[in-house]
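Quick notes on the structure that follows.
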Amino acid sequence: MLEKRQIAEEKFRQIFFEHRRVMEKNLECTGVFHSQHRVLMYLSDHAGCSQKEMADAHHISTAAIAIHLKKLEKAGLVERVVDSADNRCNVITLTEKGSLVVEQSRRIFRAVDGCMFRNFSEEELNTLIFCLDKMIGNLAFAESQESLPGVAGNGATS
């Protein structure tokens, strides 16, 4: 059983690596880095949000989001406007150029994901979904634990 689990773990890591590699190769034409795509996609779905909202949604610091936004703003993909309700905050929105990059990126995401799931039967997809849901549940349980068995000194510091 352990050997099968180790094979499954390696396959899972391989899928993650290969998906990211293929995605980055195909997204090069947009001129935007992988992590910046996540920010653009979020802005596309949550127009007019604040830097703090974005940081919270991505589980990173406002300083990290600020770095992404500065690069995206310099590229003409996003703009910051002072919030009329609170002068201390900026509202971040996509520019027209940013919206075009989002559209192009979404087409690429669909194409790569379509390729990844090519030749899967409905039964295979149902089994995969069941297994992935189980993994998500297991990880949610692990996150809720103070520490995991077999992990010494698991006191994470951030």
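Identifiers in the structure tokens: chain A, B, ... in order shown; residue index from 1 per chain; ligand index from 1 in order shown.
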Please identify every residue of range 21-128 of chain A that has at least one atom no farther than 12 Å from an atom of range 11-15 of chain A, counting only C-alpha atoms, and for each give the shortest atom pair and the distance in Å to one decimal, arranged by chain then increasing number, as CSV.
residue,atom,partner,partner_atom,distance
A:Arg21,CA,A:Ile15,CA,9.7
A:Val22,CA,A:Ile15,CA,10.4
A:Met23,CA,A:Ile15,CA,11.8
A:Asp113,CA,A:Ile15,CA,11.7
A:Met116,CA,A:Ile15,CA,9.4
A:Phe117,CA,A:Ile15,CA,11.8
Write out the residues from the selection above, keeping N, CA, C and O atoms, as a compact mmCIF listing (two decimals), in the first residue's frame.
# COMPACT_ATOMS: atom_id res chain seq x y z
N ARG A 21 4.17 23.99 -16.16
CA ARG A 21 5.14 24.18 -17.24
C ARG A 21 4.42 24.45 -18.57
O ARG A 21 4.76 25.39 -19.29
N VAL A 22 3.42 23.65 -18.89
CA VAL A 22 2.67 23.83 -20.14
C VAL A 22 1.91 25.16 -20.11
O VAL A 22 1.87 25.89 -21.11
N MET A 23 1.34 25.47 -18.95
CA MET A 23 0.60 26.72 -18.83
C MET A 23 1.53 27.91 -19.04
O MET A 23 1.22 28.83 -19.80
N ASP A 113 -6.34 22.95 -20.18
CA ASP A 113 -7.13 22.04 -19.36
C ASP A 113 -7.90 21.04 -20.22
O ASP A 113 -8.03 19.87 -19.87
N MET A 116 -5.52 18.41 -21.10
CA MET A 116 -5.20 17.56 -19.94
C MET A 116 -6.29 16.51 -19.71
O MET A 116 -5.99 15.38 -19.33
N PHE A 117 -7.54 16.86 -19.95
CA PHE A 117 -8.64 15.92 -19.69
C PHE A 117 -9.13 15.21 -20.95
O PHE A 117 -10.15 14.53 -20.92
Would you kindly return, as a PDB file with N, CA, C and O atoms, in the first residue's frame, each protein, DNA or RNA residue with an atom no farther than 10 Å from any atom of range 88-93 of chain A, considering only C-alpha atoms and excluding same-chain residues fewer than 2 positions away?
ATOM      1  N   LEU A  40      -4.928  39.151 -12.062  1.00  0.00           N
ATOM      2  CA  LEU A  40      -5.787  39.658 -13.134  1.00  0.00           C
ATOM      3  C   LEU A  40      -7.130  38.941 -13.166  1.00  0.00           C
ATOM      4  O   LEU A  40      -8.178  39.575 -13.345  1.00  0.00           O
ATOM      5  N   LEU A  43      -9.285  40.203 -10.365  1.00  0.00           N
ATOM      6  CA  LEU A  43      -9.821  41.528 -10.688  1.00  0.00           C
ATOM      7  C   LEU A  43     -10.944  41.446 -11.717  1.00  0.00           C
ATOM      8  O   LEU A  43     -11.914  42.203 -11.645  1.00  0.00           O
ATOM      9  N   SER A  44     -10.813  40.532 -12.635  1.00  0.00           N
ATOM     10  CA  SER A  44     -11.848  40.354 -13.649  1.00  0.00           C
ATOM     11  C   SER A  44     -13.168  39.919 -13.010  1.00  0.00           C
ATOM     12  O   SER A  44     -14.237  40.347 -13.427  1.00  0.00           O
ATOM     13  N   HIS A  46     -13.884  40.361  -9.675  1.00  0.00           N
ATOM     14  CA  HIS A  46     -14.213  41.222  -8.529  1.00  0.00           C
ATOM     15  C   HIS A  46     -13.809  42.658  -8.840  1.00  0.00           C
ATOM     16  O   HIS A  46     -12.925  43.225  -8.186  1.00  0.00           O
ATOM     17  N   ALA A  47     -14.439  43.231  -9.819  1.00  0.00           N
ATOM     18  CA  ALA A  47     -14.084  44.575 -10.274  1.00  0.00           C
ATOM     19  C   ALA A  47     -14.184  45.585  -9.138  1.00  0.00           C
ATOM     20  O   ALA A  47     -15.106  45.550  -8.334  1.00  0.00           O
ATOM     21  N   GLY A  48     -13.208  46.474  -9.099  1.00  0.00           N
ATOM     22  CA  GLY A  48     -13.240  47.550  -8.120  1.00  0.00           C
ATOM     23  C   GLY A  48     -12.984  47.110  -6.701  1.00  0.00           C
ATOM     24  O   GLY A  48     -13.575  47.643  -5.768  1.00  0.00           O
ATOM     25  N   CYS A  49     -12.076  46.175  -6.509  1.00  0.00           N
ATOM     26  CA  CYS A  49     -11.783  45.723  -5.143  1.00  0.00           C
ATOM     27  C   CYS A  49     -10.569  46.470  -4.600  1.00  0.00           C
ATOM     28  O   CYS A  49      -9.867  47.171  -5.319  1.00  0.00           O
ATOM     29  N   SER A  50     -10.331  46.297  -3.317  1.00  0.00           N
ATOM     30  CA  SER A  50      -9.195  46.958  -2.672  1.00  0.00           C
ATOM     31  C   SER A  50      -7.990  46.015  -2.648  1.00  0.00           C
ATOM     32  O   SER A  50      -8.119  44.807  -2.844  1.00  0.00           O
ATOM     33  N   GLN A  51      -6.844  46.599  -2.378  1.00  0.00           N
ATOM     34  CA  GLN A  51      -5.607  45.826  -2.252  1.00  0.00           C
ATOM     35  C   GLN A  51      -5.730  44.811  -1.114  1.00  0.00           C
ATOM     36  O   GLN A  51      -5.301  43.671  -1.251  1.00  0.00           O
ATOM     37  N   LYS A  52      -6.344  45.211  -0.012  1.00  0.00           N
ATOM     38  CA  LYS A  52      -6.511  44.308   1.133  1.00  0.00           C
ATOM     39  C   LYS A  52      -7.414  43.129   0.776  1.00  0.00           C
ATOM     40  O   LYS A  52      -7.126  41.994   1.138  1.00  0.00           O
ATOM     41  N   MET A  54      -7.820  41.818  -2.114  1.00  0.00           N
ATOM     42  CA  MET A  54      -7.041  40.929  -2.978  1.00  0.00           C
ATOM     43  C   MET A  54      -6.047  40.111  -2.167  1.00  0.00           C
ATOM     44  O   MET A  54      -5.898  38.909  -2.393  1.00  0.00           O
ATOM     45  N   LEU A  69       0.759  44.486  -8.197  1.00  0.00           N
ATOM     46  CA  LEU A  69      -0.006  45.597  -8.763  1.00  0.00           C
ATOM     47  C   LEU A  69       0.905  46.636  -9.405  1.00  0.00           C
ATOM     48  O   LEU A  69       0.576  47.187 -10.463  1.00  0.00           O
ATOM     49  N   GLU A  73       0.444  47.579 -13.130  1.00  0.00           N
ATOM     50  CA  GLU A  73       0.124  48.972 -13.429  1.00  0.00           C
ATOM     51  C   GLU A  73       1.133  49.546 -14.430  1.00  0.00           C
ATOM     52  O   GLU A  73       0.756  50.222 -15.388  1.00  0.00           O
ATOM     53  N   LEU A  77      -1.961  47.261 -17.347  1.00  0.00           N
ATOM     54  CA  LEU A  77      -3.019  46.259 -17.243  1.00  0.00           C
ATOM     55  C   LEU A  77      -4.033  46.555 -16.143  1.00  0.00           C
ATOM     56  O   LEU A  77      -5.167  46.090 -16.206  1.00  0.00           O
ATOM     57  N   VAL A  78      -3.617  47.294 -15.132  1.00  0.00           N
ATOM     58  CA  VAL A  78      -4.525  47.679 -14.044  1.00  0.00           C
ATOM     59  C   VAL A  78      -4.333  49.152 -13.734  1.00  0.00           C
ATOM     60  O   VAL A  78      -3.320  49.750 -14.093  1.00  0.00           O
ATOM     61  N   GLU A  79      -5.325  49.697 -13.047  1.00  0.00           N
ATOM     62  CA  GLU A  79      -5.185  51.065 -12.565  1.00  0.00           C
ATOM     63  C   GLU A  79      -5.750  51.147 -11.154  1.00  0.00           C
ATOM     64  O   GLU A  79      -6.648  50.397 -10.789  1.00  0.00           O
ATOM     65  N   ARG A  80      -5.158  52.053 -10.394  1.00  0.00           N
ATOM     66  CA  ARG A  80      -5.621  52.307  -9.025  1.00  0.00           C
ATOM     67  C   ARG A  80      -6.260  53.688  -8.998  1.00  0.00           C
ATOM     68  O   ARG A  80      -5.674  54.651  -9.485  1.00  0.00           O
ATOM     69  N   VAL A  81      -7.427  53.725  -8.392  1.00  0.00           N
ATOM     70  CA  VAL A  81      -8.146  54.984  -8.253  1.00  0.00           C
ATOM     71  C   VAL A  81      -8.464  55.145  -6.770  1.00  0.00           C
ATOM     72  O   VAL A  81      -8.879  54.182  -6.109  1.00  0.00           O
ATOM     73  N   VAL A  82      -8.273  56.356  -6.255  1.00  0.00           N
ATOM     74  CA  VAL A  82      -8.569  56.612  -4.848  1.00  0.00           C
ATOM     75  C   VAL A  82     -10.057  56.370  -4.604  1.00  0.00           C
ATOM     76  O   VAL A  82     -10.914  56.851  -5.357  1.00  0.00           O
ATOM     77  N   ASP A  83     -10.346  55.605  -3.569  1.00  0.00           N
ATOM     78  CA  ASP A  83     -11.731  55.275  -3.199  1.00  0.00           C
ATOM     79  C   ASP A  83     -12.428  56.548  -2.731  1.00  0.00           C
ATOM     80  O   ASP A  83     -11.960  57.232  -1.824  1.00  0.00           O
ATOM     81  N   SER A  84     -13.546  56.863  -3.368  1.00  0.00           N
ATOM     82  CA  SER A  84     -14.263  58.093  -3.015  1.00  0.00           C
ATOM     83  C   SER A  84     -14.816  58.042  -1.598  1.00  0.00           C
ATOM     84  O   SER A  84     -14.997  59.076  -0.962  1.00  0.00           O
ATOM     85  N   ALA A  85     -15.048  56.843  -1.073  1.00  0.00           N
ATOM     86  CA  ALA A  85     -15.578  56.701   0.282  1.00  0.00           C
ATOM     87  C   ALA A  85     -14.477  56.740   1.344  1.00  0.00           C
ATOM     88  O   ALA A  85     -14.740  57.055   2.496  1.00  0.00           O
ATOM     89  N   ASP A  86     -13.228  56.416   0.929  1.00  0.00           N
ATOM     90  CA  ASP A  86     -12.115  56.393   1.890  1.00  0.00           C
ATOM     91  C   ASP A  86     -10.836  56.760   1.140  1.00  0.00           C
ATOM     92  O   ASP A  86     -10.270  55.931   0.420  1.00  0.00           O
ATOM     93  N   THR A  95      -7.645  47.618 -16.799  1.00  0.00           N
ATOM     94  CA  THR A  95      -7.740  48.530 -17.934  1.00  0.00           C
ATOM     95  C   THR A  95      -8.289  47.727 -19.119  1.00  0.00           C
ATOM     96  O   THR A  95      -8.454  46.504 -19.023  1.00  0.00           O
ATOM     97  N   GLU A  96      -8.529  48.402 -20.214  1.00  0.00           N
ATOM     98  CA  GLU A  96      -8.984  47.692 -21.421  1.00  0.00           C
ATOM     99  C   GLU A  96      -7.925  46.671 -21.850  1.00  0.00           C
ATOM    100  O   GLU A  96      -8.238  45.537 -22.203  1.00  0.00           O
ATOM    101  N   GLY A  98      -5.778  45.202 -19.890  1.00  0.00           N
ATOM    102  CA  GLY A  98      -5.841  44.124 -18.911  1.00  0.00           C
ATOM    103  C   GLY A  98      -6.980  43.162 -19.206  1.00  0.00           C
ATOM    104  O   GLY A  98      -6.829  41.943 -19.093  1.00  0.00           O
ATOM    105  N   SER A  99      -8.119  43.696 -19.616  1.00  0.00           N
ATOM    106  CA  SER A  99      -9.269  42.849 -19.958  1.00  0.00           C
ATOM    107  C   SER A  99      -8.962  41.956 -21.159  1.00  0.00           C
ATOM    108  O   SER A  99      -9.371  40.790 -21.200  1.00  0.00           O
TER     109      SER A  99
END
Can you pull out every residue within 12 Å of Val112 in chain A, counting only C-alpha atoms, but drop anything in the same chain fewer than 3 positions away, and send it as a PDB file with N, CA, C and O atoms, in the first residue's frame?
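Wrote it out as part13.pdb, contents follow:
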ATOM      1  N   GLU A  18       3.961  19.567 -14.521  1.00  0.00           N
ATOM      2  CA  GLU A  18       3.718  19.573 -15.964  1.00  0.00           C
ATOM      3  C   GLU A  18       2.636  20.588 -16.348  1.00  0.00           C
ATOM      4  O   GLU A  18       2.768  21.294 -17.350  1.00  0.00           O
ATOM      5  N   HIS A  19       1.571  20.651 -15.552  1.00  0.00           N
ATOM      6  CA  HIS A  19       0.496  21.608 -15.832  1.00  0.00           C
ATOM      7  C   HIS A  19       1.053  23.025 -15.795  1.00  0.00           C
ATOM      8  O   HIS A  19       0.798  23.835 -16.690  1.00  0.00           O
ATOM      9  N   ARG A  20       1.814  23.315 -14.768  1.00  0.00           N
ATOM     10  CA  ARG A  20       2.377  24.665 -14.639  1.00  0.00           C
ATOM     11  C   ARG A  20       3.341  24.970 -15.785  1.00  0.00           C
ATOM     12  O   ARG A  20       3.329  26.064 -16.352  1.00  0.00           O
ATOM     13  N   ARG A  21       4.167  23.994 -16.157  1.00  0.00           N
ATOM     14  CA  ARG A  21       5.136  24.180 -17.241  1.00  0.00           C
ATOM     15  C   ARG A  21       4.425  24.449 -18.572  1.00  0.00           C
ATOM     16  O   ARG A  21       4.761  25.391 -19.287  1.00  0.00           O
ATOM     17  N   VAL A  22       3.422  23.653 -18.888  1.00  0.00           N
ATOM     18  CA  VAL A  22       2.673  23.831 -20.138  1.00  0.00           C
ATOM     19  C   VAL A  22       1.913  25.158 -20.114  1.00  0.00           C
ATOM     20  O   VAL A  22       1.867  25.887 -21.107  1.00  0.00           O
ATOM     21  N   MET A  23       1.338  25.470 -18.953  1.00  0.00           N
ATOM     22  CA  MET A  23       0.596  26.724 -18.828  1.00  0.00           C
ATOM     23  C   MET A  23       1.532  27.913 -19.036  1.00  0.00           C
ATOM     24  O   MET A  23       1.218  28.828 -19.801  1.00  0.00           O
ATOM     25  N   GLU A  24       2.684  27.910 -18.378  1.00  0.00           N
ATOM     26  CA  GLU A  24       3.621  29.030 -18.509  1.00  0.00           C
ATOM     27  C   GLU A  24       4.118  29.178 -19.942  1.00  0.00           C
ATOM     28  O   GLU A  24       4.240  30.290 -20.453  1.00  0.00           O
ATOM     29  N   LYS A  25       4.380  28.038 -20.596  1.00  0.00           N
ATOM     30  CA  LYS A  25       4.832  28.078 -21.990  1.00  0.00           C
ATOM     31  C   LYS A  25       3.781  28.749 -22.878  1.00  0.00           C
ATOM     32  O   LYS A  25       4.106  29.577 -23.722  1.00  0.00           O
ATOM     33  N   ASN A  26       2.525  28.401 -22.671  1.00  0.00           N
ATOM     34  CA  ASN A  26       1.452  28.946 -23.501  1.00  0.00           C
ATOM     35  C   ASN A  26       1.071  30.371 -23.117  1.00  0.00           C
ATOM     36  O   ASN A  26       0.540  31.105 -23.948  1.00  0.00           O
ATOM     37  N   LEU A  27       1.330  30.748 -21.869  1.00  0.00           N
ATOM     38  CA  LEU A  27       0.980  32.098 -21.418  1.00  0.00           C
ATOM     39  C   LEU A  27       2.066  33.129 -21.702  1.00  0.00           C
ATOM     40  O   LEU A  27       1.844  34.323 -21.523  1.00  0.00           O
ATOM     41  N   SER A 105      -5.921  34.883 -21.779  1.00  0.00           N
ATOM     42  CA  SER A 105      -5.493  33.910 -20.774  1.00  0.00           C
ATOM     43  C   SER A 105      -6.554  32.842 -20.545  1.00  0.00           C
ATOM     44  O   SER A 105      -6.237  31.654 -20.447  1.00  0.00           O
ATOM     45  N   ARG A 106      -7.796  33.254 -20.472  1.00  0.00           N
ATOM     46  CA  ARG A 106      -8.878  32.286 -20.259  1.00  0.00           C
ATOM     47  C   ARG A 106      -8.970  31.293 -21.410  1.00  0.00           C
ATOM     48  O   ARG A 106      -9.225  30.117 -21.199  1.00  0.00           O
ATOM     49  N   ARG A 107      -8.752  31.779 -22.637  1.00  0.00           N
ATOM     50  CA  ARG A 107      -8.746  30.861 -23.784  1.00  0.00           C
ATOM     51  C   ARG A 107      -7.611  29.843 -23.640  1.00  0.00           C
ATOM     52  O   ARG A 107      -7.781  28.654 -23.909  1.00  0.00           O
ATOM     53  N   ILE A 108      -6.454  30.311 -23.201  1.00  0.00           N
ATOM     54  CA  ILE A 108      -5.300  29.427 -23.014  1.00  0.00           C
ATOM     55  C   ILE A 108      -5.582  28.429 -21.891  1.00  0.00           C
ATOM     56  O   ILE A 108      -5.304  27.232 -22.033  1.00  0.00           O
ATOM     57  N   PHE A 109      -6.138  28.896 -20.773  1.00  0.00           N
ATOM     58  CA  PHE A 109      -6.465  27.990 -19.658  1.00  0.00           C
ATOM     59  C   PHE A 109      -7.394  26.880 -20.130  1.00  0.00           C
ATOM     60  O   PHE A 109      -7.183  25.702 -19.832  1.00  0.00           O
ATOM     61  N   CYS A 115      -6.891  19.862 -23.042  1.00  0.00           N
ATOM     62  CA  CYS A 115      -5.876  18.882 -23.449  1.00  0.00           C
ATOM     63  C   CYS A 115      -5.595  17.900 -22.312  1.00  0.00           C
ATOM     64  O   CYS A 115      -5.479  16.694 -22.538  1.00  0.00           O
ATOM     65  N   MET A 116      -5.519  18.412 -21.095  1.00  0.00           N
ATOM     66  CA  MET A 116      -5.205  17.564 -19.940  1.00  0.00           C
ATOM     67  C   MET A 116      -6.289  16.508 -19.713  1.00  0.00           C
ATOM     68  O   MET A 116      -5.991  15.376 -19.330  1.00  0.00           O
ATOM     69  N   PHE A 117      -7.544  16.857 -19.952  1.00  0.00           N
ATOM     70  CA  PHE A 117      -8.644  15.925 -19.689  1.00  0.00           C
ATOM     71  C   PHE A 117      -9.135  15.209 -20.946  1.00  0.00           C
ATOM     72  O   PHE A 117     -10.153  14.530 -20.921  1.00  0.00           O
ATOM     73  N   ARG A 118      -8.384  15.361 -22.028  1.00  0.00           N
ATOM     74  CA  ARG A 118      -8.728  14.696 -23.281  1.00  0.00           C
ATOM     75  C   ARG A 118      -8.797  13.177 -23.083  1.00  0.00           C
ATOM     76  O   ARG A 118      -7.990  12.613 -22.352  1.00  0.00           O
TER      77      ARG A 118
END
Calculate how many Å separate CA of Glu124 in chain A from CA of Ile136 in chain A, rounding to one decimal.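 Those two atoms sit 18.2 Å apart.
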Within range 15-128 of chain A, find each residue whose DSSP state, derived from the backbone, is strand (DSSP E or B), and express the selection as an MDAnalysis selection string. chainID A and resid 49:50 78:82 90:94
Could you give me, as a ChimeraX atom specification, each residue of chain A that DSSP assigns to helix (DSSP H, G or I) when run on this structure's backbone? /A:2-30,34-45,51-58,62-74,96-116,122-144
Could you work out how far CA of Ala55 in chain A lies from CA of Leu100 in chain A, giving the answer in Å with one decimal?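 These two atoms are separated by 23.2 Å.
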